[in-house]
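Visitor: My structure is in query.cif, and what it holds is mmCIF, C-alpha atoms:
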data_model
loop_
_atom_site.label_atom_id
_atom_site.label_comp_id
_atom_site.auth_asym_id
_atom_site.auth_seq_id
_atom_site.Cartn_x
_atom_site.Cartn_y
_atom_site.Cartn_z
CA MET A 6 -21.90 2.84 19.62
CA SER A 7 -22.67 -0.10 21.90
CA GLN A 8 -19.94 -2.04 23.65
CA GLY A 9 -20.76 -5.02 21.48
CA ALA A 10 -20.20 -3.03 18.32
CA ASP A 11 -16.80 -1.96 19.61
CA ASP A 12 -15.72 -5.57 19.54
CA VAL A 13 -16.27 -5.70 15.80
CA LYS A 14 -13.02 -5.57 13.84
CA ARG A 15 -12.82 -3.17 10.93
CA ILE A 16 -10.58 -3.30 7.85
CA LEU A 17 -10.37 -0.49 5.35
CA TYR A 18 -8.95 -1.55 1.99
CA VAL A 19 -7.62 0.99 -0.49
CA GLN A 20 -7.63 0.31 -4.23
CA THR A 21 -5.40 2.54 -6.39
CA SER A 22 -5.33 0.55 -9.66
CA GLY A 23 -8.15 0.40 -12.16
CA THR A 24 -8.94 -0.74 -15.66
CA GLU A 25 -5.37 0.06 -16.78
CA ALA A 26 -4.16 -2.92 -14.71
CA PRO A 27 -6.79 -5.71 -14.84
CA GLU A 28 -4.38 -8.13 -13.12
CA ARG A 29 -4.54 -5.92 -10.05
CA SER A 30 -8.32 -5.56 -10.00
CA ALA A 31 -9.66 -8.61 -8.15
CA THR A 32 -7.41 -9.00 -5.09
CA VAL A 33 -9.07 -6.29 -3.07
CA PHE A 34 -12.57 -7.72 -3.62
CA PHE A 35 -11.39 -11.26 -2.91
CA LEU A 36 -9.74 -10.27 0.39
CA ALA A 37 -12.56 -7.93 1.36
CA ALA A 38 -15.14 -10.68 0.82
CA SER A 39 -13.02 -13.08 2.80
CA ALA A 40 -12.76 -10.60 5.70
CA ALA A 41 -16.49 -9.83 5.60
CA ALA A 42 -17.22 -13.57 5.80
CA MET A 43 -15.24 -13.50 9.06
CA ASP A 44 -17.64 -10.85 10.42
CA VAL A 45 -15.13 -8.07 9.94
CA GLU A 46 -16.68 -4.72 8.97
CA VAL A 47 -15.08 -3.95 5.62
CA GLY A 48 -14.90 -0.91 3.36
CA ILE A 49 -12.96 -0.30 0.15
CA TYR A 50 -11.79 3.20 -0.69
CA PHE A 51 -11.20 3.68 -4.43
CA THR A 52 -8.68 6.37 -5.29
CA GLN A 53 -6.23 7.24 -8.09
CA PHE A 54 -7.27 4.80 -10.90
CA GLY A 55 -9.45 2.70 -8.60
CA PRO A 56 -12.79 4.40 -9.43
CA THR A 57 -12.56 3.21 -13.05
CA LEU A 58 -13.40 -0.29 -11.76
CA LEU A 59 -16.75 1.00 -10.60
CA GLN A 60 -17.95 2.28 -13.98
CA LYS A 61 -21.23 0.83 -15.10
CA GLY A 62 -20.50 -2.05 -17.47
CA THR A 63 -16.87 -2.48 -16.45
CA PRO A 64 -17.17 -5.24 -13.82
CA GLU A 65 -18.99 -7.46 -16.32
CA THR A 66 -16.26 -7.23 -18.94
CA LEU A 67 -12.98 -6.84 -17.04
CA ARG A 68 -11.03 -10.02 -16.36
CA VAL A 69 -7.88 -10.56 -14.30
CA LYS A 70 -6.82 -13.14 -16.87
CA LYS A 71 -8.19 -13.91 -20.31
CA ALA A 72 -10.64 -16.79 -19.90
CA GLY A 73 -10.98 -16.03 -16.19
CA VAL A 74 -14.22 -15.05 -14.49
CA PRO A 75 -15.18 -11.38 -14.91
CA LEU A 76 -14.53 -8.92 -12.07
CA VAL A 77 -18.26 -8.70 -11.34
CA HIS A 78 -18.04 -12.14 -9.74
CA PHE A 79 -15.59 -10.91 -7.06
CA MET A 80 -17.31 -7.57 -6.71
CA GLU A 81 -20.78 -9.03 -6.15
CA GLN A 82 -19.43 -11.54 -3.65
CA ALA A 83 -17.96 -8.67 -1.64
CA ARG A 84 -21.14 -6.59 -1.82
CA GLU A 85 -23.39 -9.46 -0.84
CA LEU A 86 -21.29 -9.88 2.28
CA GLY A 87 -21.77 -6.22 3.16
CA VAL A 88 -18.53 -4.64 1.96
CA ARG A 89 -19.04 -0.91 1.39
CA PHE A 90 -17.53 1.05 -1.50
CA TYR A 91 -16.23 4.61 -1.15
CA VAL A 92 -14.79 6.91 -3.80
CA CYS A 93 -12.69 9.96 -3.48
CA GLN A 94 -13.85 13.10 -5.26
CA PRO A 95 -10.54 14.25 -6.82
CA SER A 96 -9.87 10.82 -8.29
CA LEU A 97 -13.24 10.88 -10.06
CA ASP A 98 -12.00 14.03 -11.77
CA LEU A 99 -8.74 12.30 -12.69
CA SER A 100 -10.61 9.80 -14.86
CA ASP A 101 -13.29 12.28 -15.98
CA LEU A 102 -15.95 10.32 -14.13
CA LYS A 103 -19.12 11.50 -12.43
CA MET A 104 -21.05 9.66 -9.72
CA GLY A 105 -23.72 8.92 -12.34
CA ASP A 106 -21.17 6.90 -14.33
CA LEU A 107 -20.66 4.52 -11.43
CA ILE A 108 -22.61 1.48 -10.32
CA ASP A 109 -25.24 2.08 -7.64
CA GLY A 110 -24.45 2.13 -3.96
CA VAL A 111 -21.06 3.84 -4.06
CA GLU A 112 -20.55 6.59 -1.48
CA MET A 113 -18.44 9.67 -2.13
CA ILE A 114 -16.20 10.83 0.70
CA GLY A 115 -13.58 13.53 1.15
CA GLY A 116 -10.11 13.49 2.63
CA ALA A 117 -11.21 14.15 6.22
CA ALA A 118 -13.74 11.31 6.12
CA PHE A 119 -11.10 8.99 4.70
CA ASN A 120 -8.62 9.83 7.44
CA SER A 121 -11.27 9.39 10.15
CA MET A 122 -12.27 6.05 8.71
CA ALA A 123 -8.61 5.00 8.54
CA LEU A 124 -8.07 5.91 12.18
CA GLU A 125 -11.24 4.07 13.25
CA ALA A 126 -10.38 0.94 11.29
CA ASP A 127 -8.22 -1.71 12.92
CA ARG A 128 -6.20 -2.08 9.74
CA VAL A 129 -5.74 -0.14 6.49
CA ILE A 130 -4.52 -2.35 3.66
CA CYS A 131 -3.54 -0.68 0.39
CA PHE A 132 -3.36 -2.05 -3.13
CA MET B 25 0.23 -17.61 23.47
CA SER B 26 2.26 -16.62 26.53
CA GLN B 27 2.20 -13.12 27.94
CA GLY B 28 5.81 -12.68 26.85
CA ALA B 29 4.99 -13.52 23.26
CA ASP B 30 2.25 -10.91 23.28
CA ASP B 31 4.86 -8.24 23.82
CA VAL B 32 6.50 -9.11 20.52
CA LYS B 33 5.69 -6.62 17.79
CA ARG B 34 4.59 -8.00 14.45
CA ILE B 35 4.75 -6.40 11.00
CA LEU B 36 3.14 -7.95 7.94
CA TYR B 37 4.54 -6.62 4.68
CA VAL B 38 2.67 -7.07 1.41
CA GLN B 39 4.49 -7.23 -1.93
CA THR B 40 2.37 -6.71 -5.06
CA SER B 41 5.09 -6.07 -7.68
CA GLY B 42 7.28 -8.74 -9.21
CA THR B 43 9.76 -9.30 -12.00
CA GLU B 44 7.90 -6.78 -14.20
CA ALA B 45 9.18 -3.99 -11.92
CA PRO B 46 12.69 -4.87 -10.67
CA GLU B 47 13.10 -1.38 -9.17
CA ARG B 48 10.29 -2.22 -6.77
CA SER B 49 11.63 -5.64 -5.78
CA ALA B 50 14.14 -5.04 -2.97
CA THR B 51 12.46 -2.52 -0.65
CA VAL B 52 10.25 -5.04 1.08
CA PHE B 53 13.15 -7.38 1.85
CA PHE B 54 15.36 -4.51 3.01
CA LEU B 55 12.71 -3.17 5.40
CA ALA B 56 11.65 -6.63 6.54
CA ALA B 57 15.25 -7.55 7.39
CA SER B 58 15.66 -4.27 9.21
CA ALA B 59 12.52 -4.92 11.28
CA ALA B 60 13.53 -8.51 12.02
CA ALA B 61 16.90 -7.25 13.28
CA MET B 62 14.89 -5.17 15.77
CA ASP B 63 13.26 -8.38 17.09
CA VAL B 64 10.01 -7.67 15.30
CA GLU B 65 8.21 -10.80 14.04
CA VAL B 66 8.00 -10.24 10.29
CA GLY B 67 6.13 -11.87 7.43
CA ILE B 68 5.86 -10.93 3.77
CA TYR B 69 2.70 -11.79 1.85
CA PHE B 70 3.30 -11.99 -1.91
CA THR B 71 0.24 -11.28 -4.02
CA GLN B 72 -0.62 -9.98 -7.52
CA PHE B 73 2.79 -10.01 -9.29
CA GLY B 74 4.74 -10.55 -6.05
CA PRO B 75 5.05 -14.35 -6.29
CA THR B 76 7.16 -14.04 -9.46
CA LEU B 77 10.03 -12.85 -7.25
CA LEU B 78 10.01 -16.22 -5.53
CA GLN B 79 10.57 -18.30 -8.66
CA LYS B 80 13.61 -20.56 -8.49
CA GLY B 81 16.50 -18.79 -10.22
CA THR B 82 14.92 -15.34 -10.17
CA PRO B 83 16.49 -13.89 -7.00
CA GLU B 84 19.98 -14.66 -8.33
CA THR B 85 19.46 -12.76 -11.57
CA LEU B 86 17.06 -9.91 -10.78
CA ARG B 87 18.64 -6.56 -9.95
CA VAL B 88 17.05 -3.33 -8.76
CA LYS B 89 19.59 -1.46 -10.86
CA LYS B 90 21.95 -2.68 -13.52
CA ALA B 91 25.31 -3.33 -11.82
CA GLY B 92 23.60 -3.51 -8.42
CA VAL B 93 23.63 -6.57 -6.18
CA PRO B 94 21.12 -9.25 -7.13
CA LEU B 95 17.84 -9.56 -5.23
CA VAL B 96 19.01 -12.78 -3.58
CA HIS B 97 21.26 -10.66 -1.35
CA PHE B 98 18.29 -8.83 0.20
CA MET B 99 16.11 -11.94 0.23
CA GLU B 100 18.66 -14.10 2.04
CA GLN B 101 19.34 -11.38 4.58
CA ALA B 102 15.63 -11.29 5.39
CA ARG B 103 15.31 -15.06 5.62
CA GLU B 104 18.37 -15.45 7.83
CA LEU B 105 16.77 -13.04 10.26
CA GLY B 106 13.63 -15.16 10.37
CA VAL B 107 11.30 -13.31 7.99
CA ARG B 108 8.59 -15.69 6.72
CA PHE B 109 7.27 -15.74 3.16
CA TYR B 110 3.61 -16.35 2.31
CA VAL B 111 1.95 -16.60 -1.08
CA CYS B 112 -1.63 -16.29 -2.06
CA GLN B 113 -3.16 -19.08 -4.13
CA PRO B 114 -5.04 -17.00 -6.74
CA SER B 115 -1.97 -14.92 -7.52
CA LEU B 116 0.03 -18.06 -8.26
CA ASP B 117 -2.57 -18.79 -10.93
CA LEU B 118 -2.25 -15.25 -12.27
CA SER B 119 1.39 -15.88 -13.21
CA ASP B 120 0.87 -19.57 -14.10
CA LEU B 121 3.04 -20.64 -11.19
CA LYS B 122 2.87 -23.72 -9.01
CA MET B 123 4.35 -24.11 -5.54
CA GLY B 124 7.02 -26.36 -7.08
CA ASP B 125 8.25 -23.43 -9.18
CA LEU B 126 9.04 -21.42 -6.06
CA ILE B 127 12.07 -21.44 -3.79
CA ASP B 128 11.81 -23.65 -0.71
CA GLY B 129 10.20 -22.52 2.50
CA VAL B 130 7.34 -20.47 1.10
CA GLU B 131 3.95 -21.10 2.74
CA MET B 132 0.67 -20.90 0.83
CA ILE B 133 -2.21 -19.19 2.60
CA GLY B 134 -5.76 -18.23 1.67
CA GLY B 135 -7.74 -15.05 2.11
CA ALA B 136 -9.01 -15.86 5.60
CA ALA B 137 -5.51 -16.62 6.87
CA PHE B 138 -4.23 -13.38 5.36
CA ASN B 139 -6.94 -11.32 7.05
CA SER B 140 -6.34 -13.04 10.40
CA MET B 141 -2.63 -12.41 10.09
CA ALA B 142 -3.27 -8.77 9.17
CA LEU B 143 -5.49 -8.29 12.23
CA GLU B 144 -2.93 -9.95 14.52
CA ALA B 145 -0.04 -7.90 13.16
CA ASP B 146 0.70 -4.53 14.71
CA ARG B 147 1.17 -3.02 11.27
CA VAL B 148 0.45 -4.00 7.67
CA ILE B 149 2.73 -2.23 5.20
CA CYS B 150 1.98 -2.63 1.50
CA PHE B 151 4.22 -2.25 -1.53
CA MET C 30 6.80 11.95 25.87
CA SER C 31 4.08 13.60 27.92
CA GLN C 32 0.69 11.98 28.46
CA GLY C 33 -0.90 14.73 26.42
CA ALA C 34 1.35 14.02 23.46
CA ASP C 35 0.37 10.36 23.60
CA ASP C 36 -3.20 11.34 22.81
CA VAL C 37 -2.09 12.76 19.47
CA LYS C 38 -2.89 10.46 16.56
CA ARG C 39 -0.13 9.78 14.07
CA ILE C 40 -0.37 8.68 10.44
CA LEU C 41 2.63 7.69 8.39
CA TYR C 42 2.02 7.81 4.66
CA VAL C 43 4.30 6.00 2.22
CA GLN C 44 4.74 7.21 -1.36
CA THR C 45 6.28 4.74 -3.82
CA SER C 46 5.43 6.42 -7.16
CA GLY C 47 7.23 9.42 -8.59
CA THR C 48 7.54 11.46 -11.72
CA GLU C 49 6.97 8.33 -13.86
CA ALA C 50 3.32 8.32 -12.72
CA PRO C 51 2.13 11.93 -12.31
CA GLU C 52 -1.48 10.75 -11.82
CA ARG C 53 -0.36 9.06 -8.61
CA SER C 54 1.59 12.03 -7.27
CA ALA C 55 -0.93 14.24 -5.48
CA THR C 56 -3.11 11.85 -3.43
CA VAL C 57 -0.59 11.43 -0.64
CA PHE C 58 -0.16 15.20 -0.16
CA PHE C 59 -3.91 15.80 -0.36
CA LEU C 60 -4.68 13.17 2.29
CA ALA C 61 -1.70 14.14 4.45
CA ALA C 62 -2.78 17.79 4.47
CA SER C 63 -6.31 16.75 5.30
CA ALA C 64 -5.10 14.63 8.23
CA ALA C 65 -2.78 17.39 9.48
CA ALA C 66 -5.72 19.80 9.44
CA MET C 67 -7.43 17.38 11.85
CA ASP C 68 -4.47 17.74 14.25
CA VAL C 69 -3.05 14.38 13.32
CA GLU C 70 0.77 14.23 13.34
CA VAL C 71 1.65 13.28 9.78
CA GLY C 72 4.78 12.13 8.01
CA ILE C 73 5.35 10.96 4.44
CA TYR C 74 8.07 8.43 3.71
CA PHE C 75 9.25 8.56 0.08
CA THR C 76 10.69 5.31 -1.21
CA GLN C 77 11.16 3.49 -4.54
CA PHE C 78 10.28 6.20 -7.12
CA GLY C 79 8.80 8.54 -4.52
CA PRO C 80 11.92 10.68 -3.95
CA THR C 81 11.80 11.92 -7.56
CA LEU C 82 8.80 14.06 -6.55
CA LEU C 83 11.06 15.95 -4.17
CA GLN C 84 13.59 17.07 -6.76
CA LYS C 85 14.10 20.82 -6.92
CA GLY C 86 11.95 22.19 -9.72
CA THR C 87 9.72 19.13 -10.05
CA PRO C 88 6.77 20.14 -7.84
CA GLU C 89 6.34 23.35 -9.85
CA THR C 90 6.05 21.55 -13.17
CA LEU C 91 4.46 18.18 -12.45
CA ARG C 92 0.69 17.98 -12.89
CA VAL C 93 -1.71 15.14 -12.09
CA LYS C 94 -3.68 16.13 -15.17
CA LYS C 95 -2.81 18.44 -18.02
CA ALA C 96 -4.32 21.82 -17.18
CA GLY C 97 -4.53 20.89 -13.51
CA VAL C 98 -2.73 22.71 -10.71
CA PRO C 99 0.92 21.78 -10.31
CA LEU C 100 1.98 19.37 -7.56
CA VAL C 101 3.60 22.19 -5.60
CA HIS C 102 0.10 23.36 -4.63
CA PHE C 103 -0.64 20.10 -2.78
CA MET C 104 2.89 19.80 -1.45
CA GLU C 105 2.97 23.29 0.04
CA GLN C 106 -0.44 22.84 1.61
CA ALA C 107 0.83 19.72 3.37
CA ARG C 108 4.06 21.36 4.52
CA GLU C 109 2.30 24.46 5.83
CA LEU C 110 0.17 22.20 8.00
CA GLY C 111 3.28 20.58 9.45
CA VAL C 112 3.56 17.35 7.43
CA ARG C 113 7.14 16.05 7.55
CA PHE C 114 8.94 14.49 4.60
CA TYR C 115 11.34 11.54 4.95
CA VAL C 116 13.40 9.81 2.29
CA CYS C 117 15.03 6.47 2.28
CA GLN C 118 18.71 6.27 1.41
CA PRO C 119 18.68 3.30 -1.00
CA SER C 120 15.85 4.79 -3.04
CA LEU C 121 17.85 7.97 -3.56
CA ASP C 122 20.49 5.77 -5.17
CA LEU C 123 17.84 4.10 -7.34
CA SER C 124 17.10 7.42 -9.06
CA ASP C 125 20.71 8.69 -8.89
CA LEU C 126 19.67 11.47 -6.53
CA LYS C 127 21.60 13.14 -3.75
CA MET C 128 20.14 15.05 -0.80
CA GLY C 129 21.35 18.24 -2.46
CA ASP C 130 19.07 17.57 -5.41
CA LEU C 131 16.01 17.65 -3.20
CA ILE C 132 13.95 20.55 -1.90
CA ASP C 133 14.86 21.82 1.56
CA GLY C 134 13.57 20.30 4.75
CA VAL C 135 13.59 16.66 3.75
CA GLU C 136 15.01 14.25 6.35
CA MET C 137 16.92 11.10 5.42
CA ILE C 138 16.16 8.02 7.47
CA GLY C 139 17.22 4.38 7.37
CA GLY C 140 15.26 1.14 7.58
CA ALA C 141 15.32 0.91 11.37
CA ALA C 142 14.01 4.45 11.76
CA PHE C 143 11.25 3.74 9.26
CA ASN C 144 10.15 0.61 11.09
CA SER C 145 10.19 2.41 14.46
CA MET C 146 8.14 5.24 13.01
CA ALA C 147 5.70 2.75 11.49
CA LEU C 148 5.24 1.01 14.84
CA GLU C 149 4.76 4.31 16.65
CA ALA C 150 2.22 5.61 14.13
CA ASP C 151 -1.44 4.76 14.59
CA ARG C 152 -1.75 3.96 10.90
CA VAL C 153 0.60 3.40 7.95
CA ILE C 154 -1.06 4.14 4.62
CA CYS C 155 0.84 3.22 1.47
CA PHE C 156 0.54 4.54 -2.07
#
In structure tokens, what does this structure look like?
Guide:
Amino acid sequence: MSQGADDVKRILYVQTSGTEAPERSATVFFLAASAAAMDVEVGIYFTQFGPTLLQKGTPETLRVKKAGVPLVHFMEQARELGVRFYVCQPSLDLSDLKMGDLIDGVEMIGGAAFNSMALEADRVICF
Amino acid sequence: MSQGADDVKRILYVQTSGTEAPERSATVFFLAASAAAMDVEVGIYFTQFGPTLLQKGTPETLRVKKAGVPLVHFMEQARELGVRFYVCQPSLDLSDLKMGDLIDGVEMIGGAAFNSMALEADRVICF
Amino acid sequence: MSQGADDVKRILYVQTSGTEAPERSATVFFLAASAAAMDVEVGIYFTQFGPTLLQKGTPETLRVKKAGVPLVHFMEQARELGVRFYVCQPSLDLSDLKMGDLIDGVEMIGGAAFNSMALEADRVICF
């Protein structure tokens, strides 16, 4: 990695809530998008109930508040700014999900990859 | 910022639970006060349901356990030691709160300010 | 501490959920074991409802999913790899627990010790 790249700040967000708590669904995308707009390299790791947010069809229908904008608005904003999405294998099992149930572009990682990413990031911020 | 100030350690706590989970309300103030007593520069960022703890009248009546001391005890201890309170605009909306509904001395910040603060802090600890 | 020891990476995990949310019980042990296997020095701090996971008899019976392996599987894997368990005094009170109710080898620490540990760790990752 070049010296220039080492100057880039990295934040790894962790999202543990999912469709069972819509009020907790948008914060991580909002903050991740905001960090990415500041040229921070940003990833979100979805674990526990988090992967349920990534199910095809869910972002279009889930709302933080009734009459609010759907989650897809926050999610797309984050993705357009380059935020990367990671899921954890065991938490897919928890919600009986398979990678094919999720929106495109999500990467599956294991525990070792998560810990490496956490150690390489400048900050790990968990929701 | 002077060289001396750079030696100061900073911890940014994040509080995502509010009046819906009284058992989760005091930890952040307890730990923040404890850090501030160690000359750490401490802030608490209230997001998701967190801002509901800051409503006027709430700290005096909310208790972690029935028959326990009210939350105001932990909150005042933190504030007297210099812990600063920040709220996030969108989460005020989530609970239909306005700044005028909150106790005095709370500062409103946006996503960019949160991420900057998180990167400047030595640790970000989320509840 | 020797120069060699300073090269060791440290992760402090925080577990705030307990027996009230079995689905959230295993992640911390899974990730902690994975980090310890990478020669990271790992501790888990149990606060809020977290200490209920450490009650004698609980790890053998609690399951993330019906028909899944019991929590003790993940917990033992972490301990065998050297992960240390810490509890916070006030959260023992929250669940009316005493140290004698917990499995062996758990260390009780206060707020100052937690904050010191958090500042010494390379990362603090909260669940």
Visitor: What would the selection look like, as an mmCIF file with C-alpha atoms, keeping the file's coordinate frame, if the PyMOL selection byres ((chain C) within 10 of (chain B)) were run on the coordinates I just shared?
Guide:
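Contents of out_26.cif, as written:
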data_model
loop_
_atom_site.group_PDB
_atom_site.id
_atom_site.type_symbol
_atom_site.label_atom_id
_atom_site.label_comp_id
_atom_site.auth_asym_id
_atom_site.auth_seq_id
_atom_site.Cartn_x
_atom_site.Cartn_y
_atom_site.Cartn_z
ATOM 1 C CA VAL C 43 4.300 6.000 2.220
ATOM 2 C CA GLN C 44 4.740 7.210 -1.360
ATOM 3 C CA THR C 45 6.280 4.740 -3.820
ATOM 4 C CA SER C 46 5.430 6.420 -7.160
ATOM 5 C CA THR C 76 10.690 5.310 -1.210
ATOM 6 C CA GLN C 77 11.160 3.490 -4.540
ATOM 7 C CA PHE C 78 10.280 6.200 -7.120
ATOM 8 C CA CYS C 117 15.030 6.470 2.280
ATOM 9 C CA PRO C 119 18.680 3.300 -1.000
ATOM 10 C CA SER C 120 15.850 4.790 -3.040
ATOM 11 C CA ASP C 122 20.490 5.770 -5.170
ATOM 12 C CA LEU C 123 17.840 4.100 -7.340
ATOM 13 C CA SER C 124 17.100 7.420 -9.060
ATOM 14 C CA GLY C 139 17.220 4.380 7.370
ATOM 15 C CA GLY C 140 15.260 1.140 7.580
ATOM 16 C CA ALA C 141 15.320 0.910 11.370
ATOM 17 C CA ALA C 142 14.010 4.450 11.760
ATOM 18 C CA PHE C 143 11.250 3.740 9.260
ATOM 19 C CA ASN C 144 10.150 0.610 11.090
ATOM 20 C CA SER C 145 10.190 2.410 14.460
ATOM 21 C CA ALA C 147 5.700 2.750 11.490
ATOM 22 C CA LEU C 148 5.240 1.010 14.840
ATOM 23 C CA GLU C 149 4.760 4.310 16.650
ATOM 24 C CA ALA C 150 2.220 5.610 14.130
ATOM 25 C CA ASP C 151 -1.440 4.760 14.590
ATOM 26 C CA ARG C 152 -1.750 3.960 10.900
ATOM 27 C CA VAL C 153 0.600 3.400 7.950
ATOM 28 C CA ILE C 154 -1.060 4.140 4.620
ATOM 29 C CA CYS C 155 0.840 3.220 1.470
ATOM 30 C CA PHE C 156 0.540 4.540 -2.070
#
Visitor: Taking the file above as input, evaluate the PyMOL selection byres ((chain C and resi 115) around 8) and report the hits as JSON, numbers by chain.
Guide: {"C": [72, 73, 74, 75, 113, 114, 116, 117, 135, 136, 137, 138]}
Visitor: Could you list, as an NGL selection string, every residue matched by the PyMOL selection byres ((chain A and resi 24) around 8) in this structure?
Guide: :A and (22-23 or 25-27 or 30 or 54-55 or 57-58 or 67)
Visitor: Neighbouring residues of Val112 of chain C were defined as those with any atom within 6 Å, considering only C-alpha atoms; residues of the same chain fewer than 2 positions away were excluded. Please report them as a ChimeraX atom specification.
Guide: /C:71-72,107-108,110
Visitor: At what distance in Å, to one decimal, does atom CA of Phe34 of chain A lie from atom CA of Gln79 of chain B?
Guide: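 Separation of atom CA of Gln79 of chain B and atom CA of Phe34 of chain A: 25.9 Å.
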Visitor: In terms of the shortest atom-to-atom distance over all atoms listed in the file, which of C:Thr90, C:Glu70, C:Leu100, C:Leu83 is closest to Asp133 of chain C?
Guide: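 Smallest distance to Asp133 of chain C is found for C:Leu83.
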Visitor: Just the number, please: distance in Å from atom CA of Leu17 of chain A to atom CA of Gly111 of chain C, one decimal.
Guide: 25.4 Å
Visitor: Distance atom CA of Gly81 of chain B-atom CA of Ile127 of chain B, one decimal place?
Guide: 8.2 Å
Visitor: Starting from the structure just given, write a file holding segment 98-104 of chain B with all heavy atoms, as an mmCIF file, in the first residue's frame.
Guide:
data_model
loop_
_atom_site.group_PDB
_atom_site.id
_atom_site.type_symbol
_atom_site.label_atom_id
_atom_site.label_comp_id
_atom_site.auth_asym_id
_atom_site.auth_seq_id
_atom_site.Cartn_x
_atom_site.Cartn_y
_atom_site.Cartn_z
ATOM 1 N N PHE B 98 -26.401 10.020 38.234
ATOM 2 C CA PHE B 98 -25.275 9.648 37.374
ATOM 3 C C PHE B 98 -24.985 10.759 36.351
ATOM 4 O O PHE B 98 -23.850 11.041 36.012
ATOM 5 C CB PHE B 98 -25.573 8.342 36.639
ATOM 6 C CG PHE B 98 -25.837 7.191 37.553
ATOM 7 C CD1 PHE B 98 -27.122 6.798 37.882
ATOM 8 C CD2 PHE B 98 -24.773 6.497 38.129
ATOM 9 C CE1 PHE B 98 -27.359 5.737 38.737
ATOM 10 C CE2 PHE B 98 -25.003 5.435 38.989
ATOM 11 C CZ PHE B 98 -26.296 5.058 39.294
ATOM 12 N N MET B 99 -26.073 11.357 35.868
ATOM 13 C CA MET B 99 -25.932 12.388 34.831
ATOM 14 C C MET B 99 -25.227 13.626 35.391
ATOM 15 O O MET B 99 -24.320 14.179 34.770
ATOM 16 C CB MET B 99 -27.329 12.744 34.320
ATOM 17 C CG MET B 99 -27.324 13.386 32.958
ATOM 18 S SD MET B 99 -29.010 13.833 32.429
ATOM 19 C CE MET B 99 -29.536 12.350 31.594
ATOM 20 N N GLU B 100 -25.635 14.032 36.594
ATOM 21 C CA GLU B 100 -25.028 15.227 37.192
ATOM 22 C C GLU B 100 -23.566 14.995 37.528
ATOM 23 O O GLU B 100 -22.726 15.877 37.369
ATOM 24 C CB GLU B 100 -25.805 15.670 38.435
ATOM 25 C CG GLU B 100 -27.104 16.371 38.087
ATOM 26 C CD GLU B 100 -26.914 17.491 37.055
ATOM 27 O OE1 GLU B 100 -26.017 18.330 37.249
ATOM 28 O OE2 GLU B 100 -27.638 17.509 36.034
ATOM 29 N N GLN B 101 -23.270 13.788 38.011
ATOM 30 C CA GLN B 101 -21.888 13.446 38.327
ATOM 31 C C GLN B 101 -21.017 13.594 37.069
ATOM 32 O O GLN B 101 -19.936 14.169 37.122
ATOM 33 C CB GLN B 101 -21.848 12.001 38.815
ATOM 34 C CG GLN B 101 -20.672 11.682 39.691
ATOM 35 C CD GLN B 101 -20.927 10.421 40.510
ATOM 36 O OE1 GLN B 101 -21.587 9.481 40.051
ATOM 37 N NE2 GLN B 101 -20.411 10.390 41.725
ATOM 38 N N ALA B 102 -21.523 13.107 35.961
ATOM 39 C CA ALA B 102 -20.774 13.210 34.702
ATOM 40 C C ALA B 102 -20.596 14.668 34.295
ATOM 41 O O ALA B 102 -19.492 15.113 33.958
ATOM 42 C CB ALA B 102 -21.493 12.431 33.598
ATOM 43 N N ARG B 103 -21.679 15.439 34.375
ATOM 44 C CA ARG B 103 -21.591 16.835 33.935
ATOM 45 C C ARG B 103 -20.671 17.651 34.822
ATOM 46 O O ARG B 103 -19.947 18.523 34.348
ATOM 47 C CB ARG B 103 -22.978 17.478 33.937
ATOM 48 C CG ARG B 103 -23.922 16.749 33.006
ATOM 49 C CD ARG B 103 -25.092 17.588 32.657
ATOM 50 N NE ARG B 103 -24.745 18.415 31.512
ATOM 51 C CZ ARG B 103 -25.626 19.099 30.793
ATOM 52 N NH1 ARG B 103 -26.899 19.058 31.126
ATOM 53 N NH2 ARG B 103 -25.248 19.812 29.773
ATOM 54 N N GLU B 104 -20.715 17.399 36.122
ATOM 55 C CA GLU B 104 -19.848 18.156 37.038
ATOM 56 C C GLU B 104 -18.377 17.881 36.762
ATOM 57 O O GLU B 104 -17.527 18.714 37.058
ATOM 58 C CB GLU B 104 -20.205 17.814 38.498
ATOM 59 C CG GLU B 104 -21.452 18.556 38.964
ATOM 60 C CD GLU B 104 -22.110 17.919 40.178
ATOM 61 O OE1 GLU B 104 -21.419 17.144 40.894
ATOM 62 O OE2 GLU B 104 -23.313 18.172 40.407
#
